[in-house]
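A short worksheet on the structure shown next.
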There are 2 protein chains.
Amino acid sequence: MPAFVAMASRLIGDYLIERLRKLGVKHVFGVPGDYVLSFFDLLQKSPLKIVNTCDEQGAGFAADAYARVRGLGVVCVTYGVGGLKVANTTAQAYAEKSPVVVISGAPGMREREKNPLLHHKVREFNTQKCVFEQLTAASTVLDDPQTALQEIDRVLHIALTHKRPVYIELPRDMVAVAGIPHYKQAQIREASDPVALRAAVAEATAMLNRAKQPVILADVEIHRFGLQKELMRLIEKANIPAAATILGKSVIGENHPFYLGVYAGAMCREEVRRYVEQSDCVLMLGAFMTDTNLGIFTARLDSARCIAATTERLSIGYHYYDGVRFKDFLGGLLKAPLRRRAAPKIPRPPQTPTFHSSGKKKITVRRLFQRLNSFLRENTMVISDVGDALFGAADLNIHQHTEFLGTAYYASMGFAVPAAIGAQLGRPERRPLVLVGDGAFQMTGMELTTAARHRLNPIVIVLNNAGYGTERHIQDGPYNDVAPWNYHLLPDVIGHGCGFSVDTEEELEHGLRLAEMETETFTILDVRLDPMDHSPALDRLARNLAKRL
Amino acid sequence: MPAFVAMASRLIGDYLIERLRKLGVKHVFGVPGDYVLSFFDLLQKSPLKIVNTCDEQGAGFAADAYARVRGLGVVCVTYGVGGLKVANTTAQAYAEKSPVVVISGAPGMREREKNPLLHHKVREFNTQKCVFEQLTAASTVLDDPQTALQEIDRVLHIALTHKRPVYIELPRDMVAVAGIPHYKQAQIREASDPVALRAAVAEATAMLNRAKQPVILADVEIHRFGLQKELMRLIEKANIPAAATILGKSVIGENHPFYLGVYAGAMCREEVRRYVEQSDCVLMLGAFMTDTNLGIFTARLDSARCIAATTERLSIGYHYYDGVRFKDFLGGLLKAPLRRRAAPKIPRPPQTPTFHSSGKKKITVRRLFQRLNSFLRENTMVISDVGDALFGAADLNIHQHTEFLGTAYYASMGFAVPAAIGAQLGRPERRPLVLVGDGAFQMTGMELTTAARHRLNPIVIVLNNAGYGTERHIQDGPYNDVAPWNYHLLPDVIGHGCGFSVDTEEELEHGLRLAEMETETFTILDVRLDPMDHSPALDRLARNLAKRL
């Protein structure tokens with residue numbers, strides 16, 4: 001192709017890479033395959049860095065975490081055998097509002113003529129696209145040079161505005177085809193209806209000003225839309241205290257004097273529950289009314305006294321406002337004449353007691369989390385898998401905001417280890433502390449290989465209770481047993497990393513101390529817990545879950 | 001519920017288990033989760049044995065292999081986080097005609113009222129069902145006691161007759177609900193149109209009898225529909241020689257004097273190609289015209305001289321017959337006046353030379369397969385993963401029929417290790433020899449844990465060439481590198497098994513000898529190959545694939 005054409009019209013593959021790069025993406029997670037090889041080669045030559053994982057599942061989780069900390073993540077896989085392996089991780093990104101771009105290679109358009117049986121094909125050539133339509137906010141097949149560049153912009157825009165995953169299928173014979181010449185990205189502006197916005201802000205302001213004990217409940221959308229600073233300004237402007245949901249944990253710096261702790265109905269600390277549920281005005285910001293956030297529906301939050309603002313809708317009491325964007329509403333409140341109250345007296349999270357190791361005493365869940373609480377540093381990022389790794393972590397004191405990642409709603413096991421890879425590549429100044437049960441570790445823990453390959457240094461705490469602990473407390477049987485591994489020997493297999501087995505408090509102390517010093521590679525601590533040991537939060541949760549069986 | 005009601009009408013969960021058991025299922029592969037816990041408990045109390053895997057992906061592959069050797073396999077998982085993890089394995093079962101029943105727990109129907117955000121939910125409650133509609137031959141949600149038993153029978157019937165996966169979603173509050181009283185399974189008979197059948201058999205018989213050099217090309221449907229004996233009778237009745245496709249490999253006992261070897265266009269042995277392509281009548285039985293089966297479309301098989309019978313359609317030359325079932329057609333040929341020829345003179349697969357180890361000589365792909373060829377016993381079942389594990393294996397001499405498993409069409413990496421678990425539980429009298437690349441092993445190899453837990457004894461050969469070998473020969477880059485593991489140390493982590501690293505021919509000898517003696521647990525051989533070493537078949541394949549990039 002002559003150079004002057006390439007100048008005026010970009011190749012589809014190049015344009016996709018350029019757009020991702022401009023949106024802040026530096027890493028692409030994936031596993032190559034022949035239908036995506038030519039695009040991998042293009043990536044290899046681009047400023048984007050390819051991060052190979054052991055399995056596509058790991059790439060999907062890593063991209064999700066990367067999206068959570070950086071605003072956009074990319075997983076790139078081959079057709080069928082690659083794409084369908086990230087169905088679950090994409091579903092999680094959808095459920096928990098994480099903007100992941102799934103790029104899948106595919107058979108070339110020319111190869112599809114006469115509908116032959118090409119390898120990796122399930123049923124029809126569009127089968128994979130149909131699957132991802134169910135799991136994403138937008139999807140496209142770049143099968144037409146006339147529309148390809150525009151389609152790329154369309155789905156990326158949806159990823160960014162909805163904070164949901166999108167799907168881009170790239171037939172391999174389209175990678176190096178030129179898009180339309182002189183294509184310019186359309187500027188899409190979305191704005192609130194100014195009249196509706198004014199009315200909504202006025203009503204909310206009046207309700208907050210009338211309230212005796214207003215409280216803010218902050219959740220995941222504050223994270224996703226990068227509104228943490230606005231939230232802090234609102235809290236400090238009106239002196240209104242705030243709690244976070246489990247999914248939104250760490251959205252507020254947890255050392256802040258106006259921070260109550262995690263609210264989750266019957267699952268959270270009793271004094272937080274009382275404060276929130278006795279409030280006469282709960283300002284819910286970006287909050288999803290999920291079962292876990294609501295303490296398995298034990299939360300008592302009357303609509304009558306709630307202002308509930310999300311990117312999807314705004315309700316005050318029993319009525320709704322159309323055309324009011326979440327960000328504009330928050331901005332409106334910041335400019336509104338909110339009454340500045342006296343600094344509230346609130347039940348603060350219990351202070352972390354200085355931890356004294358009890359030597360050869362057997363380690364317990366309670367003592368483990370007590371110790372970890374004082375192990376957190378300003379640069380620690382806590383990443384929790386499902387189960388007690390998450391519920392125990394709910395009571396950890398997270399120093400900065402956005403420094404806790406957990407899949408508290410969709411709750412897919414196996415998230416944490418690959419997430420640590422995505423999160424640390426996305427925020428290289430942080431060091432991940434990974435909390436993961438033995439069951440979840442056996443699903444994706446071997447991705448520590450990928451961590452080692454990229455010289456990352458997560459500290460991985462395996463909460464090894466020889467089984468699916470949460471389920472043991474709902475309904476137990478041999479199916480809840482997980483076969484024992486010598487987790488601390490994994491570094492011998494991987495050829496990198498440090499491993500320790502921990503049975504006692506002093507072994508925990510020893511392992512953590514060495515982990516802190518070893519900054520060149522990962523450390524794994526196999527913390528051997530009693531199979532029925534658990535956090536108080538898990539106990540409350542399991543009792544509520546068991547009722548629903 | 002009073003006993004007399006339970007007598008007349010069975011509970012939905014019990015009926016499902018009873019039906020599976022009657023269809024020969026003894027094992028169910030899966031990972032529990034709260035939405036499926038009550039059904040797991042029912043399974044636990046039933047004669048079916050639950051096989052917990054490390055990850056749902058492993059369960060999906062194991063169930064696929066179990067279905068291939070036993071006629072029906074079951075994978076049982078929880079909603080969303082479990083179900084969507086087996087999307088890819090179910091797609092493979094669909095593409096390669098393996099009757100796998102996917103049973104997924106789900107939120108109870110009562111919980112779904114008002115559409116709450118329950119954990120593990122992606123978008124709508126039917127999202128997972130919509131995904132599986134794309135990947136299965138039939139799907140159902142057992143949400144209505146009036147139809148549940150009938151629905152179970154409907155989808156199981158489709159699994160058995162189409163040899164494709166089906167999806168059954170079981171809301172957790174329906175497990176212990178009674179189906180309709182006095183339900184009786186409908187008897188569904190499917191029969192060929194007798195006139196069309198007679199005409200088709202007559203035409204095929206005439207064409208075969210006229211032919212100078214007829215040949216049979218046998219593929220996967222012979223396996224799936226259990227027609228190996230009929231095939232052998234046909235071969236021996238008319239003295240017509242036969243080749244197998246890669247996907248159908250081992251459908252004919254490979255020591256049979258009329259067996260030519262694997263046919264795959266330009267990818268197979270030249271003399272097989274010549275014999276098949278020069279034949280004036282190719283009787284293709286249950287053959288899929290996939291790209292791999294056709295040697296990436298290098299096969300030259302004129303329709304004019306082909307009789308192509310599958311369960312989906314029958315063509316002779318350029319015309320088709322409706323209403324002729326595959327089995328009936330094969331049965332018709334067995335009764336037809338087929339001319340009995342003189343025993344054909346055919347190019348037989350090369351004899352396995354007696355292998356003499358060359359001591360400290362570095363091991364190569366060629367020598368590895370030569371050695372493995374003489375390692376096969378009557379009770380060996382070869383299970384190949386993707387890449388050279390498959391292509392190298394194409395030339396192995398499989399003793400009995402149905403003793404080779406490989407995913408030669410859909411080609412999902414990570415199949416072989418979990419498949420060995422399913423295959424050995426399904427056929428306990430066989431010992432699996434697993435051939436798997438290092439890239440594929442890193443995806444699912446830790447399922448050796450599951451093998452150890454169930455006292456299985458596969459011998460696992462890791463073809464460790466430090467990368468995605470097939471891709472290296474298509475287009476190479478650093479993205480094709482796989483991080484090195486010390487595979488032979490995995491037994492230390494798992495607490496079971498034997499491991500050996502193999503660099504030389506004498507180390508291979510030593511490892512295989514000890515593997516053969518160690519029958520109580522698995523053995524893993526880390527066979528360290530040169531990164532660019534490969535089988536002749538892979539060479540031919542990669543050259544053809546590279547042309548299509």
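We name chains A, B, ... following the order of the structure tokens; residues begin at 1 in each chain, and ligands are numbered from 1 as shown.
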
**Report entry** Selection: 7 Å around Ile459 (chain A), only C-alpha atoms, excl. self and same-chain fewer than 3 positions, as a count of residues only
**Finding:** 7

Under the rule of at most 6 Å, produce a per-residue listing of chain B near chain A: chain, number, name, the closest pair of atoms, and the distance in Å, as a Markdown table, using only C-alpha atoms.
```
| residue | atom | partner | partner_atom | distance |
| --- | --- | --- | --- | --- |
| B:Cys54 | CA | A:Gln442 | CA | 5.5 |
| B:Asp55 | CA | A:Met443 | CA | 4.8 |
| B:Val81 | CA | A:Ser412 | CA | 5.0 |
| B:Leu84 | CA | A:Asn88 | CA | 4.7 |
| B:Lys85 | CA | A:Asn88 | CA | 5.4 |
| B:Ala87 | CA | A:Leu84 | CA | 5.9 |
| B:Asn88 | CA | A:Leu84 | CA | 4.7 |
| B:Ala91 | CA | A:Val122 | CA | 5.6 |
| B:Ala95 | CA | A:Val122 | CA | 5.0 |
| B:Leu117 | CA | A:Thr290 | CA | 4.5 |
| B:Leu118 | CA | A:Asp291 | CA | 5.2 |
| B:His119 | CA | A:Tyr410 | CA | 5.1 |
| B:His120 | CA | A:Tyr410 | CA | 4.3 |
| B:Val122 | CA | A:Ala95 | CA | 5.0 |
| B:Val131 | CA | A:Val131 | CA | 5.1 |
| B:Thr290 | CA | A:Leu117 | CA | 4.5 |
| B:Asp291 | CA | A:Leu118 | CA | 5.2 |
| B:Tyr409 | CA | A:His119 | CA | 5.2 |
| B:Tyr410 | CA | A:His120 | CA | 4.3 |
| B:Ser412 | CA | A:Val81 | CA | 5.1 |
| B:Gln442 | CA | A:Cys54 | CA | 5.6 |
| B:Met443 | CA | A:Asp55 | CA | 4.8 |
| B:Trp485 | CA | A:Ile494 | CA | 4.9 |
| B:Asn486 | CA | A:Val493 | CA | 4.5 |
| B:Leu489 | CA | A:Val493 | CA | 5.8 |
| B:Val493 | CA | A:Asn486 | CA | 4.5 |
| B:Ile494 | CA | A:Trp485 | CA | 4.8 |
```

Dump C-alpha atoms for the selected residues as an mmCIF file, in the first residue's frame?
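Output file again-v9.cif follows:
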```cif
data_model
loop_
_atom_site.group_PDB
_atom_site.id
_atom_site.type_symbol
_atom_site.label_atom_id
_atom_site.label_comp_id
_atom_site.auth_asym_id
_atom_site.auth_seq_id
_atom_site.Cartn_x
_atom_site.Cartn_y
_atom_site.Cartn_z
ATOM 1 C CA CYS B 54 -9.632 -27.635 41.148
ATOM 2 C CA ASP B 55 -11.450 -25.376 38.713
ATOM 3 C CA VAL B 81 -19.235 -18.024 38.357
ATOM 4 C CA LEU B 84 -19.707 -19.455 32.640
ATOM 5 C CA LYS B 85 -16.387 -21.114 33.457
ATOM 6 C CA ALA B 87 -18.643 -22.129 28.403
ATOM 7 C CA ASN B 88 -15.494 -23.095 26.528
ATOM 8 C CA ALA B 91 -18.388 -25.324 23.156
ATOM 9 C CA ALA B 95 -18.069 -28.836 18.129
ATOM 10 C CA LEU B 117 -29.237 -8.091 42.523
ATOM 11 C CA LEU B 118 -28.287 -11.526 43.814
ATOM 12 C CA HIS B 119 -24.616 -12.498 43.879
ATOM 13 C CA HIS B 120 -23.283 -14.355 40.802
ATOM 14 C CA VAL B 122 -24.560 -11.053 35.461
ATOM 15 C CA VAL B 131 -25.307 -18.082 26.655
ATOM 16 C CA THR B 290 -13.151 -29.838 9.244
ATOM 17 C CA ASP B 291 -10.014 -27.962 8.326
ATOM 18 C CA TYR B 409 -11.088 -29.997 15.623
ATOM 19 C CA TYR B 410 -12.108 -27.455 18.268
ATOM 20 C CA SER B 412 -8.885 -26.162 23.033
ATOM 21 C CA GLN B 442 0.051 -24.584 32.504
ATOM 22 C CA MET B 443 -3.657 -24.076 31.831
ATOM 23 C CA TRP B 485 8.253 -24.625 35.298
ATOM 24 C CA ASN B 486 10.010 -27.451 37.041
ATOM 25 C CA LEU B 489 8.614 -31.029 41.165
ATOM 26 C CA VAL B 493 3.353 -29.487 45.837
ATOM 27 C CA ILE B 494 0.477 -31.917 45.339
#
```

Report task. Would you please give, as a list in words, all residues of region 274-314 of chain B that DSSP assigns to helix (DSSP H, G or I) based on the backbone? Result ->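 Going through region 274-314 of chain B, the helix (DSSP H, G or I) residues come out as Arg274, Tyr275, Val276, Glu277, Ser303, Ala304 and Arg305 of chain B.
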
Report task. List the neighbours of Met381 (chain A) out to 7 Å using only C-alpha atoms; skip same-chain residues closer than 2 positions along the sequence, and give me the result as a VMD selection string. Result -> chain A and resid 379 383 403 to 404 430 to 433

Requested in this report: Assign secondary structure with DSSP using the backbone only, and return the residues of region 127-249 of chain B in strand (DSSP E or B) as a VMD selection string.
Outcome: chain B and resid 138 to 141 166 to 171 178 214 to 218 242 to 244

Can I get the selection written as a short mmCIF file (atom, residue, chain, number, x, y, z; two decimals), in the first residue's frame, with all heavy atoms?
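Below is the file that was written, result-v1.cif:
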```cif
data_model
loop_
_atom_site.label_atom_id
_atom_site.label_comp_id
_atom_site.auth_asym_id
_atom_site.auth_seq_id
_atom_site.Cartn_x
_atom_site.Cartn_y
_atom_site.Cartn_z
N ALA B 138 -29.69 -28.34 23.26
CA ALA B 138 -30.97 -28.11 23.92
C ALA B 138 -30.70 -27.56 25.31
O ALA B 138 -29.69 -27.88 25.92
CB ALA B 138 -31.78 -29.40 24.03
N SER B 139 -31.61 -26.74 25.80
CA SER B 139 -31.41 -26.17 27.14
C SER B 139 -32.76 -25.99 27.80
O SER B 139 -33.79 -25.84 27.13
CB SER B 139 -30.68 -24.84 27.05
OG SER B 139 -31.41 -23.94 26.24
N THR B 140 -32.75 -26.03 29.11
CA THR B 140 -34.01 -25.88 29.84
C THR B 140 -33.74 -25.31 31.23
O THR B 140 -32.66 -25.51 31.78
CB THR B 140 -34.72 -27.26 29.96
OG1 THR B 140 -36.04 -27.05 30.48
CG2 THR B 140 -33.98 -28.20 30.89
N VAL B 141 -34.71 -24.59 31.75
CA VAL B 141 -34.70 -24.18 33.15
C VAL B 141 -35.85 -24.92 33.83
O VAL B 141 -36.99 -24.82 33.39
CB VAL B 141 -34.90 -22.65 33.30
CG1 VAL B 141 -34.89 -22.25 34.77
CG2 VAL B 141 -33.83 -21.88 32.53
N VAL B 166 -26.02 -30.53 26.40
CA VAL B 166 -27.30 -29.90 26.74
C VAL B 166 -27.13 -29.19 28.08
O VAL B 166 -26.20 -29.48 28.83
CB VAL B 166 -28.45 -30.93 26.83
CG1 VAL B 166 -28.72 -31.55 25.47
CG2 VAL B 166 -28.15 -32.01 27.87
N TYR B 167 -28.04 -28.28 28.35
CA TYR B 167 -27.94 -27.43 29.54
C TYR B 167 -29.21 -27.56 30.38
O TYR B 167 -30.31 -27.40 29.86
CB TYR B 167 -27.75 -25.99 29.09
CG TYR B 167 -27.78 -24.96 30.20
CD1 TYR B 167 -26.68 -24.77 31.03
CD2 TYR B 167 -28.90 -24.16 30.41
CE1 TYR B 167 -26.70 -23.82 32.03
CE2 TYR B 167 -28.93 -23.20 31.42
CZ TYR B 167 -27.82 -23.03 32.22
OH TYR B 167 -27.84 -22.08 33.21
N ILE B 168 -29.02 -27.88 31.65
CA ILE B 168 -30.16 -27.97 32.57
C ILE B 168 -29.90 -27.02 33.74
O ILE B 168 -28.93 -27.18 34.47
CB ILE B 168 -30.33 -29.41 33.11
CG1 ILE B 168 -30.64 -30.38 31.96
CG2 ILE B 168 -31.43 -29.46 34.17
CD1 ILE B 168 -30.76 -31.84 32.39
N GLU B 169 -30.75 -26.03 33.88
CA GLU B 169 -30.61 -25.09 35.00
C GLU B 169 -31.63 -25.45 36.06
O GLU B 169 -32.81 -25.62 35.78
CB GLU B 169 -30.83 -23.65 34.49
CG GLU B 169 -30.58 -22.60 35.54
CD GLU B 169 -30.62 -21.18 34.95
OE1 GLU B 169 -29.97 -20.95 33.90
OE2 GLU B 169 -31.31 -20.32 35.52
N LEU B 170 -31.14 -25.60 37.28
CA LEU B 170 -31.97 -26.10 38.37
C LEU B 170 -32.03 -25.04 39.48
O LEU B 170 -31.14 -24.97 40.32
CB LEU B 170 -31.35 -27.41 38.87
CG LEU B 170 -32.08 -28.19 39.95
CD1 LEU B 170 -33.53 -28.39 39.63
CD2 LEU B 170 -31.40 -29.54 40.17
N PRO B 171 -33.09 -24.23 39.49
CA PRO B 171 -33.23 -23.24 40.57
C PRO B 171 -33.24 -23.98 41.91
O PRO B 171 -33.86 -25.04 42.04
CB PRO B 171 -34.59 -22.60 40.29
CG PRO B 171 -34.83 -22.85 38.83
CD PRO B 171 -34.22 -24.19 38.55
N ALA B 178 -41.82 -31.77 44.08
CA ALA B 178 -42.29 -32.97 43.37
C ALA B 178 -42.68 -32.62 41.94
O ALA B 178 -43.30 -31.59 41.70
CB ALA B 178 -43.49 -33.55 44.11
N PRO B 214 -12.03 -49.08 -3.75
CA PRO B 214 -12.82 -48.35 -2.75
C PRO B 214 -12.06 -48.23 -1.44
O PRO B 214 -11.16 -49.04 -1.18
CB PRO B 214 -14.06 -49.23 -2.58
CG PRO B 214 -13.56 -50.61 -2.87
CD PRO B 214 -12.48 -50.47 -3.92
N VAL B 215 -12.41 -47.22 -0.68
CA VAL B 215 -11.75 -47.04 0.61
C VAL B 215 -12.76 -46.41 1.57
O VAL B 215 -13.66 -45.67 1.16
CB VAL B 215 -10.48 -46.17 0.46
CG1 VAL B 215 -10.82 -44.71 0.13
CG2 VAL B 215 -9.61 -46.22 1.71
N ILE B 216 -12.62 -46.76 2.83
CA ILE B 216 -13.49 -46.17 3.87
C ILE B 216 -12.69 -45.12 4.62
O ILE B 216 -11.51 -45.33 4.93
CB ILE B 216 -13.98 -47.27 4.84
CG1 ILE B 216 -15.00 -48.18 4.13
CG2 ILE B 216 -14.59 -46.66 6.10
CD1 ILE B 216 -15.38 -49.42 4.92
N LEU B 217 -13.32 -43.98 4.89
CA LEU B 217 -12.71 -42.96 5.72
C LEU B 217 -13.61 -42.81 6.95
O LEU B 217 -14.75 -42.34 6.85
CB LEU B 217 -12.59 -41.64 4.96
CG LEU B 217 -11.93 -40.48 5.71
CD1 LEU B 217 -10.51 -40.85 6.15
CD2 LEU B 217 -11.91 -39.22 4.85
N ALA B 218 -13.09 -43.24 8.09
CA ALA B 218 -13.94 -43.31 9.29
C ALA B 218 -13.59 -42.18 10.24
O ALA B 218 -12.43 -41.86 10.45
CB ALA B 218 -13.75 -44.66 9.98
N ALA B 242 -9.45 -49.20 5.16
CA ALA B 242 -9.98 -48.00 5.79
C ALA B 242 -8.86 -47.14 6.35
O ALA B 242 -7.84 -47.63 6.82
CB ALA B 242 -10.94 -48.38 6.91
N ALA B 243 -9.11 -45.84 6.27
CA ALA B 243 -8.27 -44.86 6.96
C ALA B 243 -9.14 -44.16 7.99
O ALA B 243 -10.37 -44.22 7.92
CB ALA B 243 -7.71 -43.84 5.96
N ALA B 244 -8.50 -43.50 8.95
CA ALA B 244 -9.25 -42.70 9.93
C ALA B 244 -8.83 -41.25 9.78
O ALA B 244 -7.73 -40.96 9.30
CB ALA B 244 -8.96 -43.18 11.34
#
```

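If you look at CA of Glu518 (chain B) and CA of Leu376 (chain B), they are 15.7 Å away from each other.
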